[in-house]
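Working notes for the structure below.
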Amino acid sequence: MTTQSTVKKGKFLYEGKAKKFYEAQEADLGIFEYTDRATAFNAKKVGQIHDKGAVNNQVSAKLFSVLEGKGIPTHFVKLLSDREMLVRRVEIIPLEVTIRNRVAGGMARQFGIEEGRRLKQPVYELHYKSDPLDDPLMNEDHALGLGLATEPELKTIRELSFQVNAALQEFFKARQLELIDFKLEFGRHKGQVLLADEISPDTMRLWQFGTEEKMDKDRFRRDLGKVEDAYQTVLTRVLND
Ligand SMILES: Nc1ncnc2c1ncn2[C@@H]1O[C@H](COP(=O)(O)OP(=O)(O)OP(=O)(O)O)[C@@H](O)[C@H]1O
Ligand SMILES: [Mg+2]
């Protein structure tokens, strides 16, 4: 689990809050290196979660493979090491898509609703991807009017997001975890919309069935303790077929 980089990476391209991105041998591919850097509240809180990079890389790889198996096109090509994966390079569509099955986090704050309320149907949200603006909520007309995506792209993104929700709910339920909500990013690659970025305990809320214990980045955001344990538990259960 502590293996460091073993793969020869190309030129460093850019770095976000949690991953470094490098060129790969083929021009249309790239290599993500997942780090242990943890941020919350759009980087107003910063820390480290030991081995988070390795957990998120392997959890993402597994979930992308599961989704590919359900016919959902993703950027994932293959795992390269504990912390590295080969992906298709995309032009990121600057939207963060959220699907919520129960009220938590931003939605609880925004509408003054208690966390945990079950929704009558899943709620699909678009957010403008902008850290300085705290990823504000926007609707499809904003995205169209601002030229962030086309109508067919938005249709695809919505359909794929609901497919991801159904697939991941089932996957986690079998592992005694309830999928409360999650964030997705999509990108353009050779004329196709692909699911990109990562799907990990950093980008989902997962609650233990029965106890509703939080098993995701909320343990870091809210100083709940046992952060590393939660990430390791999620990895173990995700890899358990
Ligand atoms: N397949 C891909 N090709 C190119 N860029 C990608 C791909 N998948 C994800 N990205 C982008 O790589 C960047 C680095 O990821 P990281 O998670 O570290 O960023 P972040 O700090 O969360 O940034 P952001 O707020 O932009 O999402 C992000 O901007 C993400 O949108
Ligand atoms: Mg990110």
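Residue numbers start at 1 in each chain; chains themselves are named A, B, ... in the order of the structure tokens; ligands are numbered from 1 in the order shown.
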Given 9 Å and only C-alpha atoms and all ligand atoms, residues near ligand 2 as a ChimeraX atom specification: /A:16-19,197-198,202-203
Give me a file of those residues, with C-alpha atoms, as a compact mmCIF listing (two decimals), in the first residue's frame.
```
# COMPACT_ATOMS: atom_id res chain seq x y z
CA GLY A 16 -5.30 19.97 -8.65
CA LYS A 17 -6.00 19.65 -4.96
CA ALA A 18 -5.67 15.88 -4.86
CA LYS A 19 -4.01 14.62 -8.04
CA ASP A 197 -11.95 12.55 -12.75
CA GLU A 198 -12.36 10.20 -9.76
CA ASP A 202 -13.43 12.11 -1.38
CA THR A 203 -16.26 12.54 -3.87
```
Surroundings of ligand 1 up to 8 Å, based on only C-alpha atoms and all ligand atoms, as a count of residues only: 30
Could you tell me how far atom CA of A:Glu23 sits from atom CA of A:Lys11, in Å to one decimal place? 5.2 Å
Test item, helix (DSSP H, G or I) assignment across stretch 44-162 of chain A, answer as a PyMOL selection string: chain A and resi 52-69+105-111+131-133+140-145+151-162
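Residues in contact with stretch 139-146 of chain A at 9 Å, where only C-alpha atoms are counted and same-chain residues fewer than 6 positions away are skipped, are listed as A:Leu95, A:Glu125, A:Leu126, A:His127, A:Tyr128, A:Leu154.
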Dump of all heavy atoms for the selected residues, as a PDB file, in the first residue's frame:
```pdb
ATOM      1  N   LEU A  95     -18.405  21.578 -15.233  1.00  0.00           N
ATOM      2  CA  LEU A  95     -19.606  21.368 -14.425  1.00  0.00           C
ATOM      3  C   LEU A  95     -19.305  20.264 -13.435  1.00  0.00           C
ATOM      4  O   LEU A  95     -18.624  19.297 -13.776  1.00  0.00           O
ATOM      5  CB  LEU A  95     -20.763  20.907 -15.310  1.00  0.00           C
ATOM      6  CG  LEU A  95     -21.294  21.899 -16.336  1.00  0.00           C
ATOM      7  CD1 LEU A  95     -22.274  21.203 -17.278  1.00  0.00           C
ATOM      8  CD2 LEU A  95     -21.976  23.077 -15.642  1.00  0.00           C
ATOM      9  N   GLU A 125     -28.132  17.635  -9.605  1.00  0.00           N
ATOM     10  CA  GLU A 125     -27.714  19.043  -9.531  1.00  0.00           C
ATOM     11  C   GLU A 125     -26.524  19.289 -10.438  1.00  0.00           C
ATOM     12  O   GLU A 125     -25.619  18.454 -10.537  1.00  0.00           O
ATOM     13  CB  GLU A 125     -27.229  19.385  -8.113  1.00  0.00           C
ATOM     14  CG  GLU A 125     -28.284  19.451  -7.063  1.00  0.00           C
ATOM     15  CD  GLU A 125     -27.675  19.722  -5.682  1.00  0.00           C
ATOM     16  OE1 GLU A 125     -26.431  19.791  -5.534  1.00  0.00           O
ATOM     17  OE2 GLU A 125     -28.476  19.861  -4.741  1.00  0.00           O
ATOM     18  N   LEU A 126     -26.491  20.469 -11.025  1.00  0.00           N
ATOM     19  CA  LEU A 126     -25.296  20.939 -11.719  1.00  0.00           C
ATOM     20  C   LEU A 126     -24.688  22.060 -10.894  1.00  0.00           C
ATOM     21  O   LEU A 126     -25.415  22.906 -10.369  1.00  0.00           O
ATOM     22  CB  LEU A 126     -25.653  21.510 -13.101  1.00  0.00           C
ATOM     23  CG  LEU A 126     -26.208  20.562 -14.146  1.00  0.00           C
ATOM     24  CD1 LEU A 126     -26.468  21.328 -15.439  1.00  0.00           C
ATOM     25  CD2 LEU A 126     -25.230  19.422 -14.405  1.00  0.00           C
ATOM     26  N   HIS A 127     -23.361  22.053 -10.816  1.00  0.00           N
ATOM     27  CA  HIS A 127     -22.635  23.158 -10.180  1.00  0.00           C
ATOM     28  C   HIS A 127     -21.604  23.656 -11.167  1.00  0.00           C
ATOM     29  O   HIS A 127     -20.992  22.853 -11.886  1.00  0.00           O
ATOM     30  CB  HIS A 127     -21.916  22.689  -8.920  1.00  0.00           C
ATOM     31  CG  HIS A 127     -22.832  22.223  -7.840  1.00  0.00           C
ATOM     32  ND1 HIS A 127     -23.070  22.944  -6.706  1.00  0.00           N
ATOM     33  CD2 HIS A 127     -23.596  21.108  -7.738  1.00  0.00           C
ATOM     34  CE1 HIS A 127     -23.938  22.298  -5.944  1.00  0.00           C
ATOM     35  NE2 HIS A 127     -24.265  21.172  -6.554  1.00  0.00           N
ATOM     36  N   TYR A 128     -21.399  24.952 -11.173  1.00  0.00           N
ATOM     37  CA  TYR A 128     -20.340  25.541 -11.996  1.00  0.00           C
ATOM     38  C   TYR A 128     -19.012  25.248 -11.313  1.00  0.00           C
ATOM     39  O   TYR A 128     -18.839  25.535 -10.132  1.00  0.00           O
ATOM     40  CB  TYR A 128     -20.577  27.051 -12.120  1.00  0.00           C
ATOM     41  CG  TYR A 128     -19.574  27.770 -12.977  1.00  0.00           C
ATOM     42  CD1 TYR A 128     -19.140  27.251 -14.192  1.00  0.00           C
ATOM     43  CD2 TYR A 128     -19.071  29.005 -12.567  1.00  0.00           C
ATOM     44  CE1 TYR A 128     -18.228  27.924 -14.972  1.00  0.00           C
ATOM     45  CE2 TYR A 128     -18.153  29.694 -13.358  1.00  0.00           C
ATOM     46  CZ  TYR A 128     -17.742  29.146 -14.559  1.00  0.00           C
ATOM     47  OH  TYR A 128     -16.839  29.822 -15.331  1.00  0.00           O
ATOM     48  N   LEU A 154     -25.542  17.773 -22.464  1.00  0.00           N
ATOM     49  CA  LEU A 154     -26.236  17.816 -21.171  1.00  0.00           C
ATOM     50  C   LEU A 154     -27.192  16.628 -21.021  1.00  0.00           C
ATOM     51  O   LEU A 154     -27.325  16.069 -19.926  1.00  0.00           O
ATOM     52  CB  LEU A 154     -26.994  19.136 -21.003  1.00  0.00           C
ATOM     53  CG  LEU A 154     -26.111  20.375 -20.790  1.00  0.00           C
ATOM     54  CD1 LEU A 154     -26.970  21.629 -20.714  1.00  0.00           C
ATOM     55  CD2 LEU A 154     -25.260  20.242 -19.526  1.00  0.00           C
TER      56      LEU A 154
END
```
If you run DSSP on this backbone, which residues of stretch 2-181 of chain A come out as strand (DSSP E or B), and could you give them as a ChimeraX atom specification? /A:12-15,19-23,29-34,37-40,45-48,74,76-81,84-88,91-92,95-102,118-128,137-138,177-181
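Proximity of A:Asp181, A:Leu239, A:Asp229, A:Ala38 to A:Met107, computed with only C-alpha atoms, is greatest for A:Asp181.
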Would you list the contacts of A:Leu168 as a ChimeraX atom specification, taking every protein, DNA or RNA residue within 9 Å and counting only C-alpha atoms, but skipping same-chain residues closer than 5 positions in sequence? /A:63,66-67,163,173,179
Have a look at A:Glu84, A:Glu170, A:Glu159, A:Asp51 and name the one nearest to A:Ala24; count only C-alpha atoms. A:Glu84
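All residues of protein, DNA or RNA that reach within 12 Å of A:Ser65, judged by only C-alpha atoms and not counting those fewer than 3 positions away in the chain, are Gln58, Val59, Ser60, Ala61, Lys62, Glu68, Gly69, Lys70, Gly71, Ile72, Pro73, Thr74, His75, Phe76, Val77, Lys78, Leu79, Val164, Ala167, Leu168, Phe171, Leu195, Ile199, Val238 and Leu239 of chain A.
By only C-alpha atoms, and with residues fewer than 4 positions from A:Thr211 along its chain excluded, the set lying at most 12 Å from it is Gln176, Leu177, Glu178, Leu206, Trp207 and Met215 of chain A.
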Could you save the residues just selected, with N, CA and C atoms, as a CSV table (one decimal), in the first residue's frame?
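Once everything was written out, this is out35.csv:
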```
chain,number,residue,atom,x,y,z
A,176,GLN,N,-22.7,-3.3,2.3
A,176,GLN,CA,-23.2,-2.7,3.5
A,176,GLN,C,-22.9,-1.2,3.6
A,177,LEU,N,-22.8,-0.5,2.5
A,177,LEU,CA,-22.7,0.9,2.5
A,177,LEU,C,-23.8,1.6,1.7
A,178,GLU,N,-24.3,2.6,2.3
A,178,GLU,CA,-25.4,3.4,1.6
A,178,GLU,C,-24.8,4.6,0.9
A,206,LEU,N,-20.8,8.0,1.9
A,206,LEU,CA,-21.1,6.6,2.1
A,206,LEU,C,-21.4,6.4,3.6
A,207,TRP,N,-22.5,5.8,3.9
A,207,TRP,CA,-22.9,5.6,5.4
A,207,TRP,C,-23.0,4.1,5.6
A,215,MET,N,-18.5,7.1,6.4
A,215,MET,CA,-17.3,6.3,5.9
A,215,MET,C,-16.6,7.1,4.7
```
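The gap separating atom CA of A:Asp216 from atom CA of A:Ala230 is 6.6 Å, in Å to one decimal.
Our summary of the geometry notes that atom CA of A:Lys190 is positioned 13.4 Å from atom CA of A:Glu153.
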